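Here's the structure, in structure tokens; my notes come after.
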Amino acid sequence: MESSPTKLGSKGIINKYEFIRVILQSLYTLGYKKSAACLESESGIQHKSLDFQLLESQILKGNWENCINTLNAIKDLKDDTRSSVLFLVFKQCIFECINSGNDSSALAALHEQVPSLQVSKEKVQKLAYSLLTLKEIELDKIEDNMILDLRKRLVMEVEKLLPPPLMLPDRRLEHLVETALTAQIDSCIYRNSSDDVSLYEDHCCGKDQMPTKTIQILTDHRDEVWFVQFSSNGEYLASSSKDCTAIIWKVMEDGKLTLKHSLRSHQNAVSFVAWSPDDTKLLTCGNAELLKLWDVETGACMHTFGDDGFIVSSCAWFPDSKRLVCGSSDPEKGICMWDCDGNEVKAWRGMRMPKVLDLAVTPDGEQLISILSDKEIRILNLGKKAERVIVEDHSITSLSLSMDGKFFIVNLNSQEIHLWDVAGKWQKPLKYMGHKQNKYVIRSCFGGLNSMFIASGSENSQVYIWNRQNSKPIEVLRGHSMTVNCVSWNPKRPKMLASASDDHTIRIWGPSQTDKTQ
């Protein structure tokens with residue numbers, strides 16, 4: 001019989017009786033039966049409630065009448081739960097009656113008692129059909145040991161149906177500990193590592209998990225650097241500049257970057273690059289430039305798309321790395337889908353298609369997201385041809401998609417970054433602020449462990465980092481001397497961040513304990 005509850009813990013909210021029962025369940029689950037039995041003996045508390053112990057004994061002995069009476073006598077049991085358990089008991093009872101040749105008792109239970117339960121007619125009919133089928137095929141009588149196995153299985157099914165305190169939810173202690181750890185992880189604003197969390201102390205990461213220190217400065221561009229992006233495998237970084245070039249950098253094992261190729265075919269500033277999902281190809285374009293396709297391994301220009309009049313402002317890849325889509329700031333050009341040989345696969349043009357400022361394709365290739373005419377976000381489901389439009393109050397300068405394709409962020413010239421869900425379940429976006437932006441195109445990105453952080457450039461020469469759960473920045477990185485136009489987080493190295501600036505440099509940021517700046 002349950003003793004009067006004694007409270008445990010510094011806040012006095014843990015019921016001692018329940019606490020011991022949960023520990024007992026965990027010991028039995030882990031296979032420490034002797035230890036569990038010892039604890040039961042010493043504490044006088046049983047892992048299983050007295051009602052369930054009685055029920056279990058009656059099921060294993062096949063004492064169906066008493067079993068039914070016990071179930072009906074249990075208080076605080078919802079009618080639908082009671083009916084579900086009784087149905088399972090009657091099912092086993094009827095089966096054993098048929099097996100022993102007692103057909104009259106089986107039919108009596110099937111016709112008189114089972115229909116009174118709060119279960120669907122379909123379920124009752126299915127039971128009747130299966131039992132009658134067994135009778136018709138005249139199986140040999142099932143041996144006693146098999147009957148006992150079926151009763152043990154019934155006990156397990158009943159365990160899952162009965163609520164607390166009759167039975168404890170499966171692996172209750174593990175669930176409680178996991179919930180506590182998850183809460184600590186979720187509240188840790190610097191969590192940027194997949195390292196195991198210890199039970200020995202409360203979890204709390206420090207700033208050393210974040211890329212807050214300049215570990216390398218890349219100075220090979222001769223003018224303002226407008227764009228940077230890491231490849232999907234994290235092994236390369238591409239940058240583009242007002243100096244009419246794009247550069248492919250190789251990320252070495254020690255985290256340092258070296259120049260792999262300088263791409264020099266453009267005649268005007270290059271403002272955008274896009275890696276193919278398989279990281280073998282790179283697209284480059286600019287507001288006054290053509291779209292070009294490059295081979296990452298050789299650095300050779302594989303194709304130039306369109307004619308001299310087709311100026312591309314942004315581009316993106318489909319997941320097969322064989323098709324690409326690009327948008328033009330010229331409304332007459334609209335959005336075009338091409339294959340890698342320059343064949344037009346599809347196009348979206350016409351009166352309804354304003355100038356395209358930026359675009360992205362989700363990793364599953366199903367959604368095309370575009371920024372149109374300053375304030376409009378258009379999400380097109382390519383398969384269903386369904387369209388959803390979000391209108392912002394202020395001009396949008398850039399778009400960035402999360403790695404899983406479920407979220408995207410847009411930078412606004414109102415000095416805010418808005419986070420939206422692609423599925424369209426949110427009525428309002430999450431908002432992030434603190435950086436400076438009102439004149440130039442500033443680009444932000446997702447990054448860190450599970451893309452739980454957002455980073456952005458700023459017109460005040462700094463880089464800002466937010467935890468997605470907080471609207472205010474958790475870190476502000478200083479080092480650049482002019483506007484920071486773009487940032488990119490390495491998808492495979494959550495502690496590596498790159499930033500591009502008007503000061504002609506790219507800064508690579510790492511955790512604070514990293515060696516001195518190169």
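Please note that chains go A, B, ... in the order of the structure tokens, that every chain numbers its residues from 1, and that ligands are numbered from 1 in the order shown.
Using only C-alpha atoms, the protein and nucleic acid residues lying no more than 12 Å from segment 379-381 of chain A, apart from those fewer than 6 places from it along its own chain, are Trp348, Leu359, Ala360, Val361, Thr362, Asp364, Gly365, Glu366, Gln367, Leu368, Ile369, Ser370, Ile371, Leu372, Glu387, Arg388, Val389, Ile390, Val391, Phe407, Phe408, Trp420, Asp421, Val422, Ala423 and Gly424 of chain A.
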Surrounding residues of Trp338 of chain A excluding itself and chain neighbours under 3 positions, 6 Å, only C-alpha atoms, as a PyMOL selection string: chain A and resi 323-324+342-345
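Atom CA of Val487 of chain A is positioned 17.2 Å from atom CA of Lys256 of chain A.
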Who sits within 9 Å of Asp341 of chain A, only C-alpha atoms, same chain under 5 positions skipped, as a ChimeraX atom specification: /A:302-303,305
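Taking only C-alpha atoms into account, Ser193 of chain A lies nearest to A:Met452 out of the set A:Met452, A:Ile465, A:Val228, A:Cys486.
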DSSP-assigned strand (DSSP E) among segment 156-345 of chain A, expressed as a PDB file with N, CA and C atoms, in the first residue's frame:
ATOM      1  N   LYS A 213      37.145  34.835 -33.571  1.00  0.00           N
ATOM      2  CA  LYS A 213      38.488  35.381 -33.722  1.00  0.00           C
ATOM      3  C   LYS A 213      38.966  35.214 -35.164  1.00  0.00           C
ATOM      4  N   THR A 214      39.571  36.249 -35.712  1.00  0.00           N
ATOM      5  CA  THR A 214      40.134  36.156 -37.056  1.00  0.00           C
ATOM      6  C   THR A 214      41.332  35.219 -37.038  1.00  0.00           C
ATOM      7  N   ILE A 215      41.254  34.148 -37.818  1.00  0.00           N
ATOM      8  CA  ILE A 215      42.372  33.196 -37.879  1.00  0.00           C
ATOM      9  C   ILE A 215      43.143  33.310 -39.193  1.00  0.00           C
ATOM     10  N   GLN A 216      42.555  34.007 -40.189  1.00  0.00           N
ATOM     11  CA  GLN A 216      43.249  34.198 -41.458  1.00  0.00           C
ATOM     12  C   GLN A 216      42.598  35.359 -42.212  1.00  0.00           C
ATOM     13  N   ILE A 217      43.422  36.133 -42.921  1.00  0.00           N
ATOM     14  CA  ILE A 217      42.926  37.220 -43.765  1.00  0.00           C
ATOM     15  C   ILE A 217      43.390  36.951 -45.194  1.00  0.00           C
ATOM     16  N   LEU A 218      42.433  36.872 -46.109  1.00  0.00           N
ATOM     17  CA  LEU A 218      42.736  36.612 -47.520  1.00  0.00           C
ATOM     18  C   LEU A 218      42.735  37.943 -48.263  1.00  0.00           C
ATOM     19  N   VAL A 225      35.148  43.073 -51.999  1.00  0.00           N
ATOM     20  CA  VAL A 225      34.697  41.678 -52.091  1.00  0.00           C
ATOM     21  C   VAL A 225      33.215  41.656 -51.728  1.00  0.00           C
ATOM     22  N   TRP A 226      32.386  41.182 -52.678  1.00  0.00           N
ATOM     23  CA  TRP A 226      30.938  41.298 -52.521  1.00  0.00           C
ATOM     24  C   TRP A 226      30.242  40.006 -52.098  1.00  0.00           C
ATOM     25  N   PHE A 227      30.890  38.871 -52.307  1.00  0.00           N
ATOM     26  CA  PHE A 227      30.181  37.614 -52.040  1.00  0.00           C
ATOM     27  C   PHE A 227      31.172  36.527 -51.634  1.00  0.00           C
ATOM     28  N   VAL A 228      30.767  35.689 -50.669  1.00  0.00           N
ATOM     29  CA  VAL A 228      31.520  34.478 -50.311  1.00  0.00           C
ATOM     30  C   VAL A 228      30.529  33.349 -50.058  1.00  0.00           C
ATOM     31  N   GLN A 229      30.934  32.138 -50.405  1.00  0.00           N
ATOM     32  CA  GLN A 229      30.082  30.977 -50.116  1.00  0.00           C
ATOM     33  C   GLN A 229      30.938  29.712 -50.050  1.00  0.00           C
ATOM     34  N   PHE A 230      30.768  28.948 -48.963  1.00  0.00           N
ATOM     35  CA  PHE A 230      31.432  27.653 -48.840  1.00  0.00           C
ATOM     36  C   PHE A 230      30.697  26.613 -49.684  1.00  0.00           C
ATOM     37  N   TYR A 236      35.762  23.845 -49.930  1.00  0.00           N
ATOM     38  CA  TYR A 236      36.124  24.996 -50.749  1.00  0.00           C
ATOM     39  C   TYR A 236      35.354  26.237 -50.300  1.00  0.00           C
ATOM     40  N   LEU A 237      35.918  27.391 -50.639  1.00  0.00           N
ATOM     41  CA  LEU A 237      35.231  28.671 -50.482  1.00  0.00           C
ATOM     42  C   LEU A 237      35.338  29.402 -51.805  1.00  0.00           C
ATOM     43  N   ALA A 238      34.243  29.966 -52.284  1.00  0.00           N
ATOM     44  CA  ALA A 238      34.264  30.793 -53.486  1.00  0.00           C
ATOM     45  C   ALA A 238      33.992  32.233 -53.087  1.00  0.00           C
ATOM     46  N   SER A 239      34.682  33.156 -53.721  1.00  0.00           N
ATOM     47  CA  SER A 239      34.476  34.583 -53.454  1.00  0.00           C
ATOM     48  C   SER A 239      34.378  35.322 -54.782  1.00  0.00           C
ATOM     49  N   SER A 240      33.679  36.461 -54.771  1.00  0.00           N
ATOM     50  CA  SER A 240      33.578  37.284 -55.982  1.00  0.00           C
ATOM     51  C   SER A 240      33.750  38.733 -55.597  1.00  0.00           C
ATOM     52  N   SER A 241      34.196  39.526 -56.596  1.00  0.00           N
ATOM     53  CA  SER A 241      34.647  40.872 -56.255  1.00  0.00           C
ATOM     54  C   SER A 241      34.317  41.891 -57.338  1.00  0.00           C
ATOM     55  N   ALA A 246      36.447  36.013 -59.720  1.00  0.00           N
ATOM     56  CA  ALA A 246      35.990  35.133 -58.643  1.00  0.00           C
ATOM     57  C   ALA A 246      37.160  34.230 -58.298  1.00  0.00           C
ATOM     58  N   ILE A 247      37.242  33.823 -57.056  1.00  0.00           N
ATOM     59  CA  ILE A 247      38.347  32.967 -56.626  1.00  0.00           C
ATOM     60  C   ILE A 247      37.781  31.730 -55.935  1.00  0.00           C
ATOM     61  N   ILE A 248      38.379  30.590 -56.238  1.00  0.00           N
ATOM     62  CA  ILE A 248      38.068  29.347 -55.527  1.00  0.00           C
ATOM     63  C   ILE A 248      39.216  29.073 -54.566  1.00  0.00           C
ATOM     64  N   TRP A 249      38.872  28.952 -53.302  1.00  0.00           N
ATOM     65  CA  TRP A 249      39.859  28.689 -52.248  1.00  0.00           C
ATOM     66  C   TRP A 249      39.691  27.255 -51.756  1.00  0.00           C
ATOM     67  N   LYS A 250      40.795  26.635 -51.417  1.00  0.00           N
ATOM     68  CA  LYS A 250      40.789  25.279 -50.865  1.00  0.00           C
ATOM     69  C   LYS A 250      40.955  25.351 -49.347  1.00  0.00           C
ATOM     70  N   VAL A 251      40.046  24.674 -48.627  1.00  0.00           N
ATOM     71  CA  VAL A 251      40.152  24.608 -47.168  1.00  0.00           C
ATOM     72  C   VAL A 251      41.047  23.414 -46.813  1.00  0.00           C
ATOM     73  N   LEU A 257      43.156  28.396 -45.532  1.00  0.00           N
ATOM     74  CA  LEU A 257      42.685  28.424 -46.907  1.00  0.00           C
ATOM     75  C   LEU A 257      43.808  28.827 -47.852  1.00  0.00           C
ATOM     76  N   THR A 258      43.876  28.166 -48.995  1.00  0.00           N
ATOM     77  CA  THR A 258      44.852  28.512 -50.021  1.00  0.00           C
ATOM     78  C   THR A 258      44.132  28.739 -51.341  1.00  0.00           C
ATOM     79  N   LEU A 259      44.670  29.601 -52.186  1.00  0.00           N
ATOM     80  CA  LEU A 259      44.060  29.910 -53.480  1.00  0.00           C
ATOM     81  C   LEU A 259      44.204  28.721 -54.410  1.00  0.00           C
ATOM     82  N   LYS A 260      43.069  28.262 -54.971  1.00  0.00           N
ATOM     83  CA  LYS A 260      43.086  27.138 -55.913  1.00  0.00           C
ATOM     84  C   LYS A 260      42.994  27.641 -57.356  1.00  0.00           C
ATOM     85  N   HIS A 261      41.995  28.502 -57.639  1.00  0.00           N
ATOM     86  CA  HIS A 261      41.839  29.066 -58.985  1.00  0.00           C
ATOM     87  C   HIS A 261      41.380  30.508 -58.893  1.00  0.00           C
ATOM     88  N   SER A 262      41.891  31.340 -59.767  1.00  0.00           N
ATOM     89  CA  SER A 262      41.376  32.693 -59.943  1.00  0.00           C
ATOM     90  C   SER A 262      40.643  32.708 -61.287  1.00  0.00           C
ATOM     91  N   LEU A 263      39.356  33.012 -61.259  1.00  0.00           N
ATOM     92  CA  LEU A 263      38.504  32.934 -62.446  1.00  0.00           C
ATOM     93  C   LEU A 263      38.392  34.324 -63.062  1.00  0.00           C
ATOM     94  N   PHE A 272      27.890  37.521 -57.442  1.00  0.00           N
ATOM     95  CA  PHE A 272      27.162  36.347 -56.950  1.00  0.00           C
ATOM     96  C   PHE A 272      27.848  35.077 -57.435  1.00  0.00           C
ATOM     97  N   VAL A 273      27.906  34.073 -56.567  1.00  0.00           N
ATOM     98  CA  VAL A 273      28.401  32.748 -56.953  1.00  0.00           C
ATOM     99  C   VAL A 273      27.452  31.694 -56.379  1.00  0.00           C
ATOM    100  N   ALA A 274      27.429  30.524 -56.995  1.00  0.00           N
ATOM    101  CA  ALA A 274      26.581  29.427 -56.497  1.00  0.00           C
ATOM    102  C   ALA A 274      27.248  28.092 -56.787  1.00  0.00           C
ATOM    103  N   TRP A 275      27.455  27.302 -55.745  1.00  0.00           N
ATOM    104  CA  TRP A 275      28.047  25.970 -55.884  1.00  0.00           C
ATOM    105  C   TRP A 275      26.990  24.958 -56.320  1.00  0.00           C
ATOM    106  N   LYS A 281      30.984  22.048 -59.778  1.00  0.00           N
ATOM    107  CA  LYS A 281      30.792  23.184 -60.680  1.00  0.00           C
ATOM    108  C   LYS A 281      30.447  24.440 -59.872  1.00  0.00           C
ATOM    109  N   LEU A 282      30.748  25.586 -60.468  1.00  0.00           N
ATOM    110  CA  LEU A 282      30.472  26.871 -59.826  1.00  0.00           C
ATOM    111  C   LEU A 282      29.875  27.830 -60.844  1.00  0.00           C
ATOM    112  N   LEU A 283      28.828  28.544 -60.434  1.00  0.00           N
ATOM    113  CA  LEU A 283      28.228  29.588 -61.264  1.00  0.00           C
ATOM    114  C   LEU A 283      28.670  30.951 -60.743  1.00  0.00           C
ATOM    115  N   THR A 284      28.930  31.880 -61.672  1.00  0.00           N
ATOM    116  CA  THR A 284      29.254  33.258 -61.291  1.00  0.00           C
ATOM    117  C   THR A 284      28.426  34.205 -62.155  1.00  0.00           C
ATOM    118  N   CYS A 285      28.009  35.319 -61.563  1.00  0.00           N
ATOM    119  CA  CYS A 285      27.238  36.313 -62.311  1.00  0.00           C
ATOM    120  C   CYS A 285      27.341  37.653 -61.616  1.00  0.00           C
ATOM    121  N   LEU A 291      26.052  35.110 -67.036  1.00  0.00           N
ATOM    122  CA  LEU A 291      26.184  33.953 -66.161  1.00  0.00           C
ATOM    123  C   LEU A 291      27.203  32.997 -66.748  1.00  0.00           C
ATOM    124  N   LYS A 292      28.160  32.583 -65.937  1.00  0.00           N
ATOM    125  CA  LYS A 292      29.206  31.665 -66.408  1.00  0.00           C
ATOM    126  C   LYS A 292      29.269  30.427 -65.515  1.00  0.00           C
ATOM    127  N   LEU A 293      29.604  29.305 -66.147  1.00  0.00           N
ATOM    128  CA  LEU A 293      29.733  28.013 -65.468  1.00  0.00           C
ATOM    129  C   LEU A 293      31.191  27.583 -65.489  1.00  0.00           C
ATOM    130  N   TRP A 294      31.716  27.197 -64.318  1.00  0.00           N
ATOM    131  CA  TRP A 294      33.136  26.858 -64.181  1.00  0.00           C
ATOM    132  C   TRP A 294      33.308  25.440 -63.652  1.00  0.00           C
ATOM    133  N   ASP A 295      34.378  24.806 -64.104  1.00  0.00           N
ATOM    134  CA  ASP A 295      34.785  23.500 -63.573  1.00  0.00           C
ATOM    135  C   ASP A 295      35.672  23.735 -62.351  1.00  0.00           C
ATOM    136  N   CYS A 301      36.361  27.718 -67.733  1.00  0.00           N
ATOM    137  CA  CYS A 301      34.990  28.175 -67.976  1.00  0.00           C
ATOM    138  C   CYS A 301      34.320  27.186 -68.915  1.00  0.00           C
ATOM    139  N   MET A 302      33.279  26.522 -68.466  1.00  0.00           N
ATOM    140  CA  MET A 302      32.613  25.481 -69.242  1.00  0.00           C
ATOM    141  C   MET A 302      31.538  26.043 -70.165  1.00  0.00           C
ATOM    142  N   HIS A 303      30.907  27.139 -69.758  1.00  0.00           N
ATOM    143  CA  HIS A 303      29.833  27.686 -70.597  1.00  0.00           C
ATOM    144  C   HIS A 303      29.488  29.102 -70.144  1.00  0.00           C
ATOM    145  N   THR A 304      29.102  29.931 -71.122  1.00  0.00           N
ATOM    146  CA  THR A 304      28.539  31.251 -70.854  1.00  0.00           C
ATOM    147  C   THR A 304      27.106  31.247 -71.347  1.00  0.00           C
ATOM    148  N   PHE A 305      26.176  31.607 -70.490  1.00  0.00           N
ATOM    149  CA  PHE A 305      24.750  31.466 -70.799  1.00  0.00           C
ATOM    150  C   PHE A 305      24.182  32.747 -71.405  1.00  0.00           C
ATOM    151  N   SER A 314      21.145  36.795 -60.054  1.00  0.00           N
ATOM    152  CA  SER A 314      21.271  35.713 -59.068  1.00  0.00           C
ATOM    153  C   SER A 314      21.020  34.382 -59.744  1.00  0.00           C
ATOM    154  N   CYS A 315      21.450  33.309 -59.096  1.00  0.00           N
ATOM    155  CA  CYS A 315      21.305  31.980 -59.685  1.00  0.00           C
ATOM    156  C   CYS A 315      21.288  30.921 -58.592  1.00  0.00           C
ATOM    157  N   ALA A 316      20.792  29.744 -58.931  1.00  0.00           N
ATOM    158  CA  ALA A 316      20.727  28.637 -57.963  1.00  0.00           C
ATOM    159  C   ALA A 316      20.694  27.323 -58.725  1.00  0.00           C
ATOM    160  N   TRP A 317      21.016  26.257 -58.014  1.00  0.00           N
ATOM    161  CA  TRP A 317      21.074  24.917 -58.600  1.00  0.00           C
ATOM    162  C   TRP A 317      19.888  24.069 -58.155  1.00  0.00           C
ATOM    163  N   ARG A 323      20.749  20.912 -63.589  1.00  0.00           N
ATOM    164  CA  ARG A 323      19.888  22.025 -63.986  1.00  0.00           C
ATOM    165  C   ARG A 323      20.117  23.202 -63.047  1.00  0.00           C
ATOM    166  N   LEU A 324      19.992  24.391 -63.585  1.00  0.00           N
ATOM    167  CA  LEU A 324      20.180  25.600 -62.806  1.00  0.00           C
ATOM    168  C   LEU A 324      19.094  26.604 -63.175  1.00  0.00           C
ATOM    169  N   VAL A 325      18.893  27.552 -62.315  1.00  0.00           N
ATOM    170  CA  VAL A 325      17.898  28.583 -62.549  1.00  0.00           C
ATOM    171  C   VAL A 325      18.532  29.928 -62.247  1.00  0.00           C
ATOM    172  N   CYS A 326      18.178  30.935 -63.035  1.00  0.00           N
ATOM    173  CA  CYS A 326      18.754  32.251 -62.821  1.00  0.00           C
ATOM    174  C   CYS A 326      17.684  33.312 -62.992  1.00  0.00           C
ATOM    175  N   GLY A 327      17.886  34.424 -62.334  1.00  0.00           N
ATOM    176  CA  GLY A 327      16.949  35.532 -62.407  1.00  0.00           C
ATOM    177  C   GLY A 327      17.640  36.786 -62.860  1.00  0.00           C
ATOM    178  N   ILE A 335      12.782  34.699 -65.122  1.00  0.00           N
ATOM    179  CA  ILE A 335      13.545  33.589 -64.540  1.00  0.00           C
ATOM    180  C   ILE A 335      13.667  32.490 -65.582  1.00  0.00           C
ATOM    181  N   CYS A 336      14.866  31.962 -65.753  1.00  0.00           N
ATOM    182  CA  CYS A 336      15.115  30.893 -66.731  1.00  0.00           C
ATOM    183  C   CYS A 336      15.712  29.671 -66.045  1.00  0.00           C
ATOM    184  N   MET A 337      15.283  28.492 -66.507  1.00  0.00           N
ATOM    185  CA  MET A 337      15.907  27.237 -66.079  1.00  0.00           C
ATOM    186  C   MET A 337      16.688  26.688 -67.266  1.00  0.00           C
ATOM    187  N   TRP A 338      17.950  26.362 -67.040  1.00  0.00           N
ATOM    188  CA  TRP A 338      18.827  25.835 -68.081  1.00  0.00           C
ATOM    189  C   TRP A 338      19.443  24.508 -67.636  1.00  0.00           C
ATOM    190  N   ASP A 339      19.905  23.733 -68.618  1.00  0.00           N
ATOM    191  CA  ASP A 339      20.805  22.637 -68.294  1.00  0.00           C
ATOM    192  C   ASP A 339      22.231  23.157 -68.421  1.00  0.00           C
ATOM    193  N   GLU A 344      17.673  25.948 -72.761  1.00  0.00           N
ATOM    194  CA  GLU A 344      16.616  26.449 -71.893  1.00  0.00           C
ATOM    195  C   GLU A 344      15.579  25.355 -71.668  1.00  0.00           C
ATOM    196  N   VAL A 345      15.355  25.008 -70.400  1.00  0.00           N
ATOM    197  CA  VAL A 345      14.402  23.966 -70.032  1.00  0.00           C
ATOM    198  C   VAL A 345      13.026  24.567 -69.772  1.00  0.00           C
TER     199      VAL A 345
END
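Here atom CA of Gly479 of chain A is placed at a distance of 24.3 Å from atom CA of Glu235 of chain A.
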Atom CA of Ser313 of chain A to atom CA of Val441 of chain A, distance in Å rounded to a single decimal: 12.3 Å
Exercise: Ser321 of chain A partners within 9 Å, only C-alpha atoms, chain neighbours under 4 positions left out, as a PyMOL selection string: chain A and resi 276-281+317+340
Selected residue of minimal separation from Gln462 of chain A among A:Pro363, A:Gly434, A:Gly448, A:Gly299, counting only C-alpha atoms: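 Smallest separation from Gln462 of chain A among the options: A:Gly434.
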